[in-house]
Structures are given as structure tokens and as C-alpha cells.
Amino acid sequence: MILIIGGAYQGKLEYAKAAFSLKDSDIFTCTGKEVDLSRKCVYALEEFCFACVQAGEEPADFFRKHRQEIQNSILICQDIFCGVVPMGADVREWRQATGRLCQYLASEADQVIRIFCGLEQKLK
Amino acid sequence: MTFFISGGAKNGKSTLAQNLAVSLAKGKTHYYVATMIPVDDEDRLRIQRHIEDREGLGFTTLECGRNILSCLEHAEPKATFLLDSVTALLMNELFREDQGYQMDLEAARRCGEDLETFAKTVGNAVFVSDYIASDAGRYDETTEQYRKILADIDRRLARACDTVVEVSAGQYIIHKGALPL
């Protein structure tokens, strides 16, 4: 499994498409709690996390449960971790839960790649 | 040679950029392109601090808050230019007082193009930007658009420049190229 992280609009998906020859049909973009793990690439995990938190669920639990199915996945999550502590309790919980998920995925991943201004930085 | 420097606030980006520009100029003309258009005393104080920081480094200051290519009309184009910062320049282009601070997306698009042309035209260039893309904000549409436009320009400059450096606590993370220091 490969985990790609990076700030907003840094070019994470564009990088993944080019580096791993992904077609649009290989990519699932999260907009809520549903995730299609049959796709090679799952994008916008932070949106999956946001929906989980709103439903009172722990996003990392879902990926622990489906550990076998993500062994060959490319997972992309936005780095939302460096600002001041957010004012809203729900945004705070979102940030925390997304962080816990990224740590879990990073520990499982074969590679962790950070994207900065469109450039890759190999973290693992 | 062209350099793109980004990172968080007050981490040493400007210091690195100044040292780089002086070193690249090799005793020849080096310009400091001042992009901030001050609106209050806080801005004027910041500018004053930056001027004091640069004292004795031999920079010629070019004031240019908009239309970045226009500053080349009053300069030796093959000299060394330090542009601090991309962020301030974009803010000036995007939001104009005389347009009621309505977002000018066309100006922002041109600003990105001009910066790339600038990088390809001058002898040496050092660009300083601000990395603001890793917080957990769920912003209004205008702020989100600003973040996207700034990131697009940053990526464009990172692609165009020989060297890309992220500065953190005065330390350098080199994402591309090398630092000749």
C-alpha cells in the first residue's frame, strides 16, 4: 500500500496519476462515508474522515477492518494538521481522527510520499 | 539560476533568500523587488524591519506591487532579483481597492503567467512564497479560491525553478536541485 499525503492543492492526485499510470476509472473520490476499495486509488480520505466524524464513527476502524483489501491500494489524504487548533469541536475532532487514520495507514504502508508544491518527498 | 523558497511564517525564508541573492549576484547588481503595498502602520513597521535586515547587503530596491514584469523596465534584466513575496503580489493582484476588493481571477491568472515569464527572463531569481496549505480550515469560497490560486502559482514556480527549498525552523528541506551556499 502507498500513502500519499500533502497540503491542499499541492498536486497529490496529479502526481499519483502520473507516477502510477492511473486512469480516471481507477480512482474513487470520497465525498462521504462510502469507500470503494475495489478501485486502485482512493482519493480525498479527509472527506471520508469528515463524514465518519459527523456520524460519530472512527475512520481508522474501517481501514483496520478492511486491512486485507488495501494491501495494494494507493491512498491519498490531505495534510490538515499544521494550523492553529480549530475553533469548532467538530473540526477539531475531524483533524484528530484524520491524523489517527494517517498514522495507522503510514504504519501499514510500504511507501509514504508527501507532495509539496507538486514535488514528491519520500517519507518512508 | 532560479530558486523557489516556501515554508511557514517566521522560519527564515527571507534570510535564506537574501543570502542566496547576494551570493548569486557575485558583487554585481542585485535587486530586491518589494511587493507589499502598505495600508497601515503594522505594514509600514514590517517593511521597516525588512529594510533594516537588508541594510549593508547592497540591494537596489524596486517597488512593484502589481504587474511584476513592469519592474524590469527600470532594471538590468540579466541581474539577480529577489522577489519577496509571491503571496503579497498575488493579494495585490487579486484584491484591488479601486475595484472594491472584488476578486479579480483574470489578474491572478496573469500574475502566475508573468511570474513564470519573469523566472525565465532574468539572470537569477529568488522567489519567496508562504506555505499555507496544511491546516484544517473549512473555508468560505473566496478563501478556498485564494488557497487554490496561490498553490497553483507555487506549483508553477516550483516546476519552472532550478531549486525548490522548504524552510522549517531555519533548516532547509531541498525538494529539487541544490543550494549553492
# chains A, B, ... in the order shown; residues from 1 in each chain; ligands from 1
>>> select_by_dssp(residues="range 11-120 of chain A", states="helix (DSSP H, G or I)", output="CSV table (one decimal) with N, CA, C and O atoms, in the first residue's frame")
chain,number,residue,atom,x,y,z
A,12,LYS,N,-1.4,16.3,-5.3
A,12,LYS,CA,-1.3,14.9,-4.9
A,12,LYS,C,-1.9,13.9,-5.9
A,12,LYS,O,-1.3,13.0,-6.3
A,13,LEU,N,-3.1,14.3,-6.4
A,13,LEU,CA,-3.8,13.3,-7.4
A,13,LEU,C,-3.1,13.4,-8.7
A,13,LEU,O,-2.8,12.3,-9.3
A,14,GLU,N,-2.7,14.5,-9.1
A,14,GLU,CA,-1.9,14.7,-10.4
A,14,GLU,C,-0.6,13.8,-10.3
A,14,GLU,O,-0.3,13.1,-11.3
A,15,TYR,N,0.0,13.9,-9.2
A,15,TYR,CA,1.3,13.1,-9.0
A,15,TYR,C,1.0,11.6,-9.1
A,15,TYR,O,1.6,10.9,-9.8
A,16,ALA,N,-0.1,11.2,-8.4
A,16,ALA,CA,-0.4,9.8,-8.3
A,16,ALA,C,-0.8,9.3,-9.7
A,16,ALA,O,-0.3,8.2,-10.1
A,17,LYS,N,-1.5,10.1,-10.5
A,17,LYS,CA,-1.9,9.7,-11.8
A,17,LYS,C,-0.7,9.4,-12.7
A,17,LYS,O,-0.6,8.5,-13.4
A,18,ALA,N,0.3,10.4,-12.6
A,18,ALA,CA,1.5,10.3,-13.4
A,18,ALA,C,2.4,9.2,-13.0
A,18,ALA,O,2.9,8.4,-13.8
A,19,ALA,N,2.6,9.1,-11.7
A,19,ALA,CA,3.6,8.2,-11.1
A,19,ALA,C,3.1,6.7,-11.2
A,19,ALA,O,4.0,5.8,-11.4
A,24,ASP,N,-8.8,7.5,-14.9
A,24,ASP,CA,-9.8,8.1,-14.0
A,24,ASP,C,-10.7,7.0,-13.4
A,24,ASP,O,-11.1,7.1,-12.3
A,25,SER,N,-10.9,5.9,-14.1
A,25,SER,CA,-11.7,4.8,-13.6
A,25,SER,C,-11.0,4.0,-12.5
A,25,SER,O,-11.7,3.3,-11.8
A,26,ASP,N,-9.7,4.3,-12.3
A,26,ASP,CA,-9.0,3.6,-11.2
A,26,ASP,C,-9.2,4.4,-9.9
A,26,ASP,O,-8.8,3.9,-8.8
A,45,LEU,N,-9.3,11.1,1.3
A,45,LEU,CA,-9.6,10.4,2.6
A,45,LEU,C,-10.1,11.3,3.7
A,45,LEU,O,-10.9,11.0,4.5
A,46,GLU,N,-9.6,12.6,3.6
A,46,GLU,CA,-10.1,13.6,4.6
A,46,GLU,C,-11.6,13.8,4.6
A,46,GLU,O,-12.2,14.1,5.6
A,47,GLU,N,-12.2,13.7,3.4
A,47,GLU,CA,-13.6,13.8,3.3
A,47,GLU,C,-14.4,12.6,3.9
A,47,GLU,O,-15.4,12.8,4.5
A,48,PHE,N,-13.8,11.5,3.6
A,48,PHE,CA,-14.3,10.2,4.3
A,48,PHE,C,-14.3,10.4,5.8
A,48,PHE,O,-15.3,10.1,6.5
A,49,CYS,N,-13.1,10.9,6.3
A,49,CYS,CA,-13.0,11.1,7.8
A,49,CYS,C,-14.0,12.1,8.3
A,49,CYS,O,-14.6,12.0,9.4
A,50,PHE,N,-14.2,13.2,7.5
A,50,PHE,CA,-15.2,14.2,7.9
A,50,PHE,C,-16.6,13.6,8.1
A,50,PHE,O,-17.3,13.9,9.1
A,51,ALA,N,-17.0,12.8,7.1
A,51,ALA,CA,-18.3,12.2,7.2
A,51,ALA,C,-18.4,11.2,8.4
A,51,ALA,O,-19.4,11.1,9.1
A,52,CYS,N,-17.3,10.4,8.6
A,52,CYS,CA,-17.3,9.5,9.7
A,52,CYS,C,-17.5,10.2,11.0
A,52,CYS,O,-18.3,9.8,11.9
A,53,VAL,N,-16.7,11.3,11.2
A,53,VAL,CA,-16.8,12.0,12.5
A,53,VAL,C,-18.2,12.6,12.7
A,53,VAL,O,-18.7,12.5,13.8
A,54,GLN,N,-18.8,13.1,11.6
A,54,GLN,CA,-20.1,13.6,11.8
A,54,GLN,C,-21.1,12.5,12.2
A,54,GLN,O,-22.1,12.8,12.8
A,59,PRO,N,-12.8,6.7,11.7
A,59,PRO,CA,-12.4,6.4,10.4
A,59,PRO,C,-11.3,5.3,10.3
A,59,PRO,O,-11.4,4.4,9.4
A,60,ALA,N,-10.4,5.2,11.3
A,60,ALA,CA,-9.3,4.2,11.2
A,60,ALA,C,-9.9,2.8,11.4
A,60,ALA,O,-9.4,1.9,10.8
A,61,ASP,N,-11.0,2.7,12.1
A,61,ASP,CA,-11.6,1.4,12.3
A,61,ASP,C,-12.0,0.7,11.0
A,61,ASP,O,-11.9,-0.5,10.9
A,62,PHE,N,-12.6,1.5,10.1
A,62,PHE,CA,-13.0,1.0,8.8
A,62,PHE,C,-11.8,0.4,8.1
A,62,PHE,O,-11.9,-0.7,7.6
A,63,PHE,N,-10.7,1.1,8.1
A,63,PHE,CA,-9.5,0.6,7.4
A,63,PHE,C,-8.8,-0.6,8.1
A,63,PHE,O,-8.3,-1.5,7.5
A,64,ARG,N,-8.9,-0.6,9.4
A,64,ARG,CA,-8.4,-1.8,10.2
A,64,ARG,C,-9.2,-3.0,9.8
A,64,ARG,O,-8.7,-4.1,9.5
A,65,LYS,N,-10.5,-2.9,9.7
A,65,LYS,CA,-11.4,-4.0,9.4
A,65,LYS,C,-11.2,-4.5,7.9
A,65,LYS,O,-11.3,-5.6,7.7
A,67,ARG,N,-8.3,-4.3,6.2
A,67,ARG,CA,-6.9,-4.3,6.1
A,67,ARG,C,-6.4,-5.1,4.8
A,67,ARG,O,-5.6,-4.6,4.1
A,68,GLN,N,-7.0,-6.3,4.7
A,68,GLN,CA,-6.6,-7.1,3.6
A,68,GLN,C,-6.8,-6.5,2.2
A,68,GLN,O,-6.1,-6.7,1.2
A,69,GLU,N,-7.9,-5.7,2.1
A,69,GLU,CA,-8.4,-5.2,0.8
A,69,GLU,C,-7.5,-4.0,0.4
A,69,GLU,O,-7.7,-3.5,-0.8
A,70,ILE,N,-6.7,-3.4,1.3
A,70,ILE,CA,-6.0,-2.2,0.9
A,70,ILE,C,-4.5,-2.5,0.7
A,70,ILE,O,-3.7,-1.6,0.6
A,89,ALA,N,-15.6,22.3,17.6
A,89,ALA,CA,-15.3,21.0,18.1
A,89,ALA,C,-15.3,19.9,17.0
A,89,ALA,O,-14.5,19.0,17.1
A,90,ASP,N,-16.3,20.1,16.1
A,90,ASP,CA,-16.3,19.0,15.0
A,90,ASP,C,-15.1,19.1,14.1
A,90,ASP,O,-14.6,18.0,13.7
A,91,VAL,N,-14.6,20.3,13.8
A,91,VAL,CA,-13.4,20.4,13.0
A,91,VAL,C,-12.2,19.9,13.8
A,91,VAL,O,-11.3,19.2,13.2
A,92,ARG,N,-12.1,20.1,15.1
A,92,ARG,CA,-11.1,19.6,15.9
A,92,ARG,C,-11.1,18.0,15.9
A,92,ARG,O,-10.0,17.4,15.7
A,93,GLU,N,-12.2,17.5,16.0
A,93,GLU,CA,-12.3,16.0,16.0
A,93,GLU,C,-12.0,15.4,14.6
A,93,GLU,O,-11.4,14.4,14.5
A,94,TRP,N,-12.4,16.2,13.6
A,94,TRP,CA,-12.1,15.8,12.2
A,94,TRP,C,-10.5,15.7,12.1
A,94,TRP,O,-10.0,14.7,11.5
A,95,ARG,N,-9.9,16.7,12.5
A,95,ARG,CA,-8.4,16.8,12.4
A,95,ARG,C,-7.7,15.6,13.2
A,95,ARG,O,-6.8,15.0,12.7
A,96,GLN,N,-8.2,15.4,14.4
A,96,GLN,CA,-7.7,14.3,15.2
A,96,GLN,C,-7.9,13.0,14.6
A,96,GLN,O,-7.0,12.2,14.5
A,97,ALA,N,-9.1,12.7,14.1
A,97,ALA,CA,-9.5,11.4,13.6
A,97,ALA,C,-8.7,11.2,12.3
A,97,ALA,O,-8.3,10.0,12.0
A,98,THR,N,-8.6,12.2,11.5
A,98,THR,CA,-7.8,12.1,10.2
A,98,THR,C,-6.3,11.8,10.5
A,98,THR,O,-5.7,11.0,9.9
A,99,GLY,N,-5.8,12.4,11.5
A,99,GLY,CA,-4.4,12.2,12.0
A,99,GLY,C,-4.2,10.8,12.4
A,99,GLY,O,-3.2,10.1,12.1
A,100,ARG,N,-5.2,10.3,13.2
A,100,ARG,CA,-5.1,8.9,13.7
A,100,ARG,C,-5.1,7.9,12.5
A,100,ARG,O,-4.3,7.0,12.4
A,101,LEU,N,-6.0,8.2,11.5
A,101,LEU,CA,-6.0,7.4,10.3
A,101,LEU,C,-4.7,7.4,9.6
A,101,LEU,O,-4.2,6.3,9.2
A,102,CYS,N,-4.2,8.6,9.4
A,102,CYS,CA,-2.9,8.7,8.6
A,102,CYS,C,-1.8,7.9,9.3
A,102,CYS,O,-0.9,7.3,8.7
A,103,GLN,N,-1.7,8.0,10.7
A,103,GLN,CA,-0.7,7.3,11.4
A,103,GLN,C,-0.8,5.8,11.2
A,103,GLN,O,0.2,5.1,11.0
A,104,TYR,N,-2.1,5.3,11.3
A,104,TYR,CA,-2.3,3.9,11.1
A,104,TYR,C,-1.9,3.5,9.7
A,104,TYR,O,-1.2,2.5,9.5
A,105,LEU,N,-2.4,4.2,8.7
A,105,LEU,CA,-2.1,3.9,7.3
A,105,LEU,C,-0.6,3.9,7.0
A,105,LEU,O,0.0,3.1,6.4
A,106,ALA,N,0.1,5.0,7.6
A,106,ALA,CA,1.5,5.1,7.4
A,106,ALA,C,2.3,3.9,8.0
A,106,ALA,O,3.3,3.5,7.4
A,107,SER,N,1.8,3.4,9.1
A,107,SER,CA,2.5,2.3,9.8
A,107,SER,C,2.3,1.0,8.9
A,107,SER,O,3.2,0.2,8.9
A,108,GLU,N,1.2,0.9,8.2
A,108,GLU,CA,1.0,-0.2,7.4
A,108,GLU,C,1.6,-0.1,6.0
A,108,GLU,O,1.8,-1.1,5.3
>>> interface_residues(of="chain A", to="chain B", cutoff="7 Å", atoms="only C-alpha atoms", output="PyMOL selection string")
chain A and resi 7-10+79-83+86+95+117-119+121
>>> atom_distance(atom1="CA of Val39 in chain B", atom2="CA of Glu97 in chain B")
10.4 Å
>>> atom_distance(atom1="CA of Cys71 in chain B", atom2="CA of Leu20 in chain B")
20.4 Å
>>> residues_around(residues="Gly56 in chain B", least_positions_apart="4", cutoff="12 Å", atoms="only C-alpha atoms", output="PyMOL selection string")
chain B and resi 18-19+22+51-52+60
>>> closest_residue(among="B:Asp53, B:Met103, B:Gly170, B:Gly12", to="Thr143 in chain B", atoms="only C-alpha atoms")
B:Met103
>>> residues_around(residues="range 43-50 of chain B", least_positions_apart="6", cutoff="10 Å", atoms="only C-alpha atoms", output="list in words")
Ser14, Thr15, Ala34, Met36 and Ile37 of chain B
>>> atom_distance(atom1="CA of Leu22 in chain A", atom2="CA of Val42 in chain A")
11.2 Å
>>> residues_around(residues="range 82-85 of chain B", least_positions_apart="5", cutoff="8 Å", atoms="only C-alpha atoms", output="list in words")
Ser14, Ala17, Gln18, Ala21, His30, Tyr31, Tyr32, Val33, Ala34, Thr35, Met36, Ala125, Val126, Phe127, Val128, Ser129 and Asp130 of chain B
>>> select_by_dssp(residues="chain B", states="strand (DSSP E)", output="short mmCIF file (atom, residue, chain, number, x, y, z; two decimals) with all heavy atoms, in the first residue's frame")
data_model
loop_
_atom_site.label_atom_id
_atom_site.label_comp_id
_atom_site.auth_asym_id
_atom_site.auth_seq_id
_atom_site.Cartn_x
_atom_site.Cartn_y
_atom_site.Cartn_z
N THR B 2 17.47 29.80 -10.83
CA THR B 2 16.22 30.25 -10.23
C THR B 2 15.87 29.39 -9.01
O THR B 2 16.05 28.17 -9.03
CB THR B 2 15.08 30.18 -11.25
OG1 THR B 2 15.12 28.91 -11.89
CG2 THR B 2 15.19 31.27 -12.29
N PHE B 3 15.38 30.06 -7.98
CA PHE B 3 15.12 29.40 -6.71
C PHE B 3 13.71 29.72 -6.23
O PHE B 3 13.27 30.86 -6.31
CB PHE B 3 16.12 29.88 -5.65
CG PHE B 3 17.54 29.52 -5.99
CD1 PHE B 3 18.25 30.28 -6.92
CD2 PHE B 3 18.15 28.42 -5.43
CE1 PHE B 3 19.55 29.94 -7.27
CE2 PHE B 3 19.45 28.07 -5.77
CZ PHE B 3 20.15 28.83 -6.70
N PHE B 4 13.04 28.70 -5.73
CA PHE B 4 11.71 28.90 -5.14
C PHE B 4 11.80 28.47 -3.67
O PHE B 4 12.19 27.35 -3.36
CB PHE B 4 10.67 28.07 -5.89
CG PHE B 4 9.30 28.17 -5.30
CD1 PHE B 4 8.52 29.30 -5.53
CD2 PHE B 4 8.78 27.15 -4.52
CE1 PHE B 4 7.25 29.41 -4.98
CE2 PHE B 4 7.51 27.26 -3.97
CZ PHE B 4 6.75 28.39 -4.20
N ILE B 5 11.46 29.40 -2.78
CA ILE B 5 11.56 29.14 -1.34
C ILE B 5 10.19 29.29 -0.71
O ILE B 5 9.51 30.30 -0.91
CB ILE B 5 12.53 30.15 -0.68
CG1 ILE B 5 13.93 30.01 -1.30
CG2 ILE B 5 12.59 29.93 0.83
CD1 ILE B 5 14.89 31.10 -0.85
N SER B 6 9.76 28.28 0.03
CA SER B 6 8.49 28.40 0.74
C SER B 6 8.62 27.79 2.13
O SER B 6 9.69 27.32 2.51
CB SER B 6 7.36 27.74 -0.07
OG SER B 6 6.12 28.09 0.48
N GLY B 7 7.53 27.82 2.89
CA GLY B 7 7.55 27.29 4.25
C GLY B 7 6.64 28.14 5.13
O GLY B 7 5.99 29.07 4.65
N HIS B 30 22.11 43.51 -7.66
CA HIS B 30 21.04 42.63 -7.20
C HIS B 30 19.89 43.48 -6.66
O HIS B 30 20.09 44.43 -5.92
CB HIS B 30 21.50 41.59 -6.19
CG HIS B 30 22.40 42.09 -5.11
ND1 HIS B 30 23.65 42.61 -5.36
CD2 HIS B 30 22.25 42.14 -3.76
CE1 HIS B 30 24.21 42.96 -4.21
NE2 HIS B 30 23.38 42.69 -3.23
N TYR B 31 18.70 43.10 -7.13
CA TYR B 31 17.50 43.88 -6.83
C TYR B 31 16.65 43.18 -5.79
O TYR B 31 16.49 41.95 -5.83
CB TYR B 31 16.64 44.06 -8.08
CG TYR B 31 17.31 44.85 -9.18
CD1 TYR B 31 17.86 44.21 -10.28
CD2 TYR B 31 17.38 46.24 -9.10
CE1 TYR B 31 18.45 44.92 -11.30
CE2 TYR B 31 17.98 46.97 -10.12
CZ TYR B 31 18.52 46.31 -11.22
OH TYR B 31 19.11 47.02 -12.22
N TYR B 32 16.08 43.98 -4.92
CA TYR B 32 15.05 43.48 -4.02
C TYR B 32 13.72 44.01 -4.54
O TYR B 32 13.49 45.22 -4.59
CB TYR B 32 15.30 44.00 -2.59
CG TYR B 32 14.28 43.50 -1.60
CD1 TYR B 32 14.49 42.32 -0.88
CD2 TYR B 32 13.09 44.19 -1.38
CE1 TYR B 32 13.55 41.85 0.01
CE2 TYR B 32 12.14 43.72 -0.49
CZ TYR B 32 12.38 42.55 0.20
OH TYR B 32 11.43 42.09 1.09
N VAL B 33 12.87 43.10 -5.00
CA VAL B 33 11.56 43.52 -5.52
C VAL B 33 10.58 43.53 -4.36
O VAL B 33 10.16 42.47 -3.86
CB VAL B 33 11.07 42.57 -6.64
CG1 VAL B 33 9.78 43.11 -7.25
CG2 VAL B 33 12.14 42.40 -7.72
N ALA B 34 10.26 44.73 -3.90
CA ALA B 34 9.37 44.88 -2.74
C ALA B 34 7.93 44.87 -3.24
O ALA B 34 7.52 45.72 -4.02
CB ALA B 34 9.68 46.19 -2.02
N PHE B 59 21.51 45.67 -1.84
CA PHE B 59 20.36 45.55 -2.73
C PHE B 59 19.90 46.91 -3.25
O PHE B 59 19.95 47.91 -2.54
CB PHE B 59 19.16 44.94 -1.98
CG PHE B 59 19.22 43.46 -1.82
CD1 PHE B 59 19.65 42.90 -0.62
CD2 PHE B 59 18.85 42.62 -2.85
CE1 PHE B 59 19.71 41.52 -0.45
CE2 PHE B 59 18.90 41.23 -2.69
CZ PHE B 59 19.32 40.69 -1.49
N THR B 60 19.45 46.93 -4.50
CA THR B 60 18.71 48.07 -5.03
C THR B 60 17.24 47.69 -4.93
O THR B 60 16.84 46.63 -5.42
CB THR B 60 19.08 48.31 -6.51
OG1 THR B 60 20.48 48.52 -6.60
CG2 THR B 60 18.32 49.52 -7.07
N THR B 61 16.44 48.53 -4.28
CA THR B 61 15.03 48.18 -4.10
C THR B 61 14.18 48.63 -5.29
O THR B 61 14.31 49.77 -5.75
CB THR B 61 14.49 48.81 -2.80
OG1 THR B 61 15.26 48.30 -1.71
CG2 THR B 61 13.03 48.45 -2.57
N LEU B 62 13.35 47.73 -5.78
CA LEU B 62 12.37 48.06 -6.82
C LEU B 62 10.99 47.88 -6.20
O LEU B 62 10.66 46.79 -5.74
CB LEU B 62 12.49 47.11 -8.02
CG LEU B 62 13.79 47.08 -8.82
CD1 LEU B 62 13.78 45.90 -9.78
CD2 LEU B 62 13.97 48.37 -9.59
N GLU B 63 10.22 48.95 -6.16
CA GLU B 63 8.86 48.83 -5.61
C GLU B 63 7.96 48.32 -6.72
O GLU B 63 7.86 48.94 -7.79
CB GLU B 63 8.34 50.20 -5.16
CG GLU B 63 9.22 50.90 -4.13
CD GLU B 63 8.79 50.60 -2.71
OE1 GLU B 63 7.74 49.94 -2.54
OE2 GLU B 63 9.52 51.01 -1.78
N THR B 80 20.40 39.88 -10.78
CA THR B 80 19.79 38.97 -9.81
C THR B 80 18.61 39.68 -9.13
O THR B 80 18.73 40.83 -8.72
CB THR B 80 20.84 38.57 -8.75
OG1 THR B 80 21.89 37.88 -9.43
CG2 THR B 80 20.24 37.68 -7.68
N PHE B 81 17.48 38.97 -9.03
CA PHE B 81 16.27 39.54 -8.45
C PHE B 81 15.78 38.69 -7.29
O PHE B 81 15.64 37.47 -7.43
CB PHE B 81 15.15 39.63 -9.49
CG PHE B 81 15.42 40.60 -10.60
CD1 PHE B 81 16.29 40.28 -11.64
CD2 PHE B 81 14.81 41.86 -10.61
CE1 PHE B 81 16.55 41.19 -12.65
CE2 PHE B 81 15.07 42.77 -11.62
CZ PHE B 81 15.94 42.44 -12.65
N LEU B 82 15.50 39.35 -6.19
CA LEU B 82 14.85 38.67 -5.06
C LEU B 82 13.42 39.19 -4.98
O LEU B 82 13.21 40.40 -4.82
CB LEU B 82 15.62 38.95 -3.76
CG LEU B 82 14.90 38.67 -2.44
CD1 LEU B 82 14.34 37.26 -2.37
CD2 LEU B 82 15.85 38.89 -1.27
N LEU B 83 12.46 38.30 -5.12
CA LEU B 83 11.05 38.70 -5.06
C LEU B 83 10.41 38.15 -3.80
O LEU B 83 10.24 36.94 -3.64
CB LEU B 83 10.31 38.17 -6.30
CG LEU B 83 8.92 38.75 -6.55
CD1 LEU B 83 8.61 38.75 -8.03
CD2 LEU B 83 7.85 38.00 -5.80
N ASP B 84 10.11 39.06 -2.88
CA ASP B 84 9.57 38.68 -1.57
C ASP B 84 8.32 39.53 -1.32
O ASP B 84 8.45 40.71 -0.99
CB ASP B 84 10.66 38.93 -0.51
CG ASP B 84 10.34 38.26 0.82
OD1 ASP B 84 9.23 37.75 0.98
OD2 ASP B 84 11.23 38.27 1.69
N ASN B 124 19.22 35.81 -12.58
CA ASN B 124 18.96 34.93 -11.43
C ASN B 124 17.70 35.42 -10.74
O ASN B 124 17.47 36.64 -10.67
CB ASN B 124 20.10 34.98 -10.42
CG ASN B 124 21.41 34.47 -11.00
OD1 ASN B 124 21.50 33.33 -11.46
ND2 ASN B 124 22.41 35.33 -11.01
N ALA B 125 16.92 34.48 -10.22
CA ALA B 125 15.72 34.89 -9.48
C ALA B 125 15.58 34.04 -8.23
O ALA B 125 15.84 32.84 -8.24
CB ALA B 125 14.47 34.75 -10.34
N VAL B 126 15.18 34.70 -7.14
CA VAL B 126 14.83 34.01 -5.91
C VAL B 126 13.42 34.43 -5.54
O VAL B 126 13.15 35.62 -5.35
CB VAL B 126 15.80 34.37 -4.75
CG1 VAL B 126 15.44 33.59 -3.50
CG2 VAL B 126 17.26 34.12 -5.15
N PHE B 127 12.50 33.47 -5.50
CA PHE B 127 11.11 33.75 -5.17
C PHE B 127 10.82 33.25 -3.76
O PHE B 127 11.19 32.13 -3.41
CB PHE B 127 10.15 33.03 -6.12
CG PHE B 127 10.30 33.42 -7.56
CD1 PHE B 127 11.09 32.69 -8.43
CD2 PHE B 127 9.64 34.55 -8.05
CE1 PHE B 127 11.23 33.05 -9.76
CE2 PHE B 127 9.77 34.93 -9.39
CZ PHE B 127 10.57 34.17 -10.24
N VAL B 128 10.13 34.08 -2.99
CA VAL B 128 9.71 33.65 -1.65
C VAL B 128 8.20 33.57 -1.62
O VAL B 128 7.51 34.52 -2.02
CB VAL B 128 10.21 34.64 -0.57
CG1 VAL B 128 9.75 34.18 0.81
CG2 VAL B 128 11.72 34.77 -0.61
N THR B 163 15.78 25.16 -8.35
CA THR B 163 15.87 24.64 -6.99
C THR B 163 14.61 25.03 -6.19
O THR B 163 14.12 26.15 -6.31
CB THR B 163 17.13 25.20 -6.28
OG1 THR B 163 18.28 24.69 -6.96
CG2 THR B 163 17.20 24.79 -4.82
N VAL B 164 14.11 24.08 -5.41
CA VAL B 164 12.93 24.32 -4.56
C VAL B 164 13.31 23.95 -3.13
O VAL B 164 13.75 22.83 -2.87
CB VAL B 164 11.72 23.48 -5.04
CG1 VAL B 164 10.54 23.67 -4.08
CG2 VAL B 164 11.33 23.86 -6.45
N VAL B 165 13.15 24.91 -2.22
CA VAL B 165 13.53 24.69 -0.82
C VAL B 165 12.36 25.02 0.09
O VAL B 165 11.72 26.05 -0.06
CB VAL B 165 14.73 25.59 -0.41
CG1 VAL B 165 15.19 25.26 1.01
CG2 VAL B 165 15.87 25.46 -1.38
N GLU B 166 12.10 24.12 1.03
CA GLU B 166 11.14 24.41 2.09
C GLU B 166 11.94 24.74 3.34
O GLU B 166 12.85 23.99 3.71
CB GLU B 166 10.27 23.15 2.31
CG GLU B 166 9.22 23.32 3.39
CD GLU B 166 8.43 22.03 3.63
OE1 GLU B 166 8.78 20.97 3.05
OE2 GLU B 166 7.46 22.08 4.38
N VAL B 167 11.62 25.85 3.97
CA VAL B 167 12.38 26.26 5.16
C VAL B 167 11.54 25.98 6.40
O VAL B 167 10.36 26.34 6.47
CB VAL B 167 12.73 27.76 5.09
CG1 VAL B 167 13.52 28.17 6.33
CG2 VAL B 167 13.55 28.06 3.84
N SER B 168 12.15 25.30 7.36
CA SER B 168 11.46 24.98 8.61
C SER B 168 12.43 25.23 9.75
O SER B 168 13.51 24.63 9.79
CB SER B 168 11.00 23.52 8.56
OG SER B 168 10.36 23.19 9.77
N GLN B 171 15.93 25.63 8.97
CA GLN B 171 16.58 24.50 8.31
C GLN B 171 16.01 24.33 6.90
O GLN B 171 14.88 24.73 6.65
CB GLN B 171 16.37 23.20 9.11
CG GLN B 171 16.69 23.33 10.59
CD GLN B 171 18.12 23.82 10.82
OE1 GLN B 171 19.07 23.18 10.38
NE2 GLN B 171 18.26 24.96 11.48
N TYR B 172 16.80 23.73 6.03
CA TYR B 172 16.39 23.66 4.63
C TYR B 172 16.06 22.24 4.20
O TYR B 172 16.88 21.33 4.32
CB TYR B 172 17.52 24.21 3.74
CG TYR B 172 18.03 25.55 4.20
CD1 TYR B 172 19.39 25.85 4.19
CD2 TYR B 172 17.14 26.51 4.68
CE1 TYR B 172 19.85 27.08 4.64
CE2 TYR B 172 17.60 27.73 5.14
CZ TYR B 172 18.96 28.02 5.11
OH TYR B 172 19.39 29.22 5.57
N ILE B 173 14.86 22.07 3.68
CA ILE B 173 14.46 20.79 3.08
C ILE B 173 14.49 21.03 1.58
O ILE B 173 13.71 21.83 1.05
CB ILE B 173 13.05 20.37 3.53
CG1 ILE B 173 12.97 20.29 5.05
CG2 ILE B 173 12.65 19.04 2.89
CD1 ILE B 173 11.55 20.28 5.60
N ILE B 174 15.42 20.37 0.90
CA ILE B 174 15.59 20.61 -0.53
C ILE B 174 14.75 19.61 -1.32
O ILE B 174 14.99 18.41 -1.25
CB ILE B 174 17.08 20.57 -0.91
CG1 ILE B 174 17.79 21.71 -0.17
CG2 ILE B 174 17.26 20.71 -2.43
CD1 ILE B 174 19.28 21.68 -0.26
N HIS B 175 13.75 20.12 -2.02
CA HIS B 175 12.83 19.25 -2.77
C HIS B 175 13.30 19.05 -4.20
O HIS B 175 12.85 18.14 -4.87
CB HIS B 175 11.42 19.85 -2.77
CG HIS B 175 10.76 19.80 -1.42
ND1 HIS B 175 10.10 18.70 -0.96
CD2 HIS B 175 10.68 20.72 -0.43
CE1 HIS B 175 9.63 18.94 0.26
NE2 HIS B 175 9.97 20.15 0.60
N LYS B 176 14.15 19.94 -4.66
CA LYS B 176 14.59 19.87 -6.05
C LYS B 176 15.87 20.68 -6.17
O LYS B 176 15.99 21.73 -5.54
CB LYS B 176 13.50 20.49 -6.92
CG LYS B 176 13.79 20.54 -8.41
CD LYS B 176 12.62 21.23 -9.13
CE LYS B 176 12.90 21.43 -10.58
NZ LYS B 176 11.80 22.18 -11.23
#
>>> decode(residues="range 35-39 of chain A", atoms="N, CA, C and O atoms", output="short mmCIF file (atom, residue, chain, number, x, y, z; two decimals), in the first residue's frame")
data_model
loop_
_atom_site.label_atom_id
_atom_site.label_comp_id
_atom_site.auth_asym_id
_atom_site.auth_seq_id
_atom_site.Cartn_x
_atom_site.Cartn_y
_atom_site.Cartn_z
N VAL A 35 -16.74 4.08 0.68
CA VAL A 35 -15.43 3.95 0.02
C VAL A 35 -15.45 2.69 -0.83
O VAL A 35 -15.84 1.62 -0.34
N ASP A 36 -15.05 2.82 -2.08
CA ASP A 36 -14.98 1.67 -2.98
C ASP A 36 -13.53 1.16 -3.01
O ASP A 36 -12.70 1.69 -3.74
N LEU A 37 -13.27 0.15 -2.20
CA LEU A 37 -11.89 -0.35 -2.09
C LEU A 37 -11.49 -1.23 -3.26
O LEU A 37 -10.34 -1.68 -3.34
N SER A 38 -12.41 -1.47 -4.17
CA SER A 38 -12.05 -2.25 -5.36
C SER A 38 -11.26 -1.38 -6.35
O SER A 38 -10.59 -1.88 -7.24
N ARG A 39 -11.35 -0.06 -6.17
CA ARG A 39 -10.55 0.84 -7.03
C ARG A 39 -9.10 0.85 -6.54
O ARG A 39 -8.86 0.77 -5.34
#
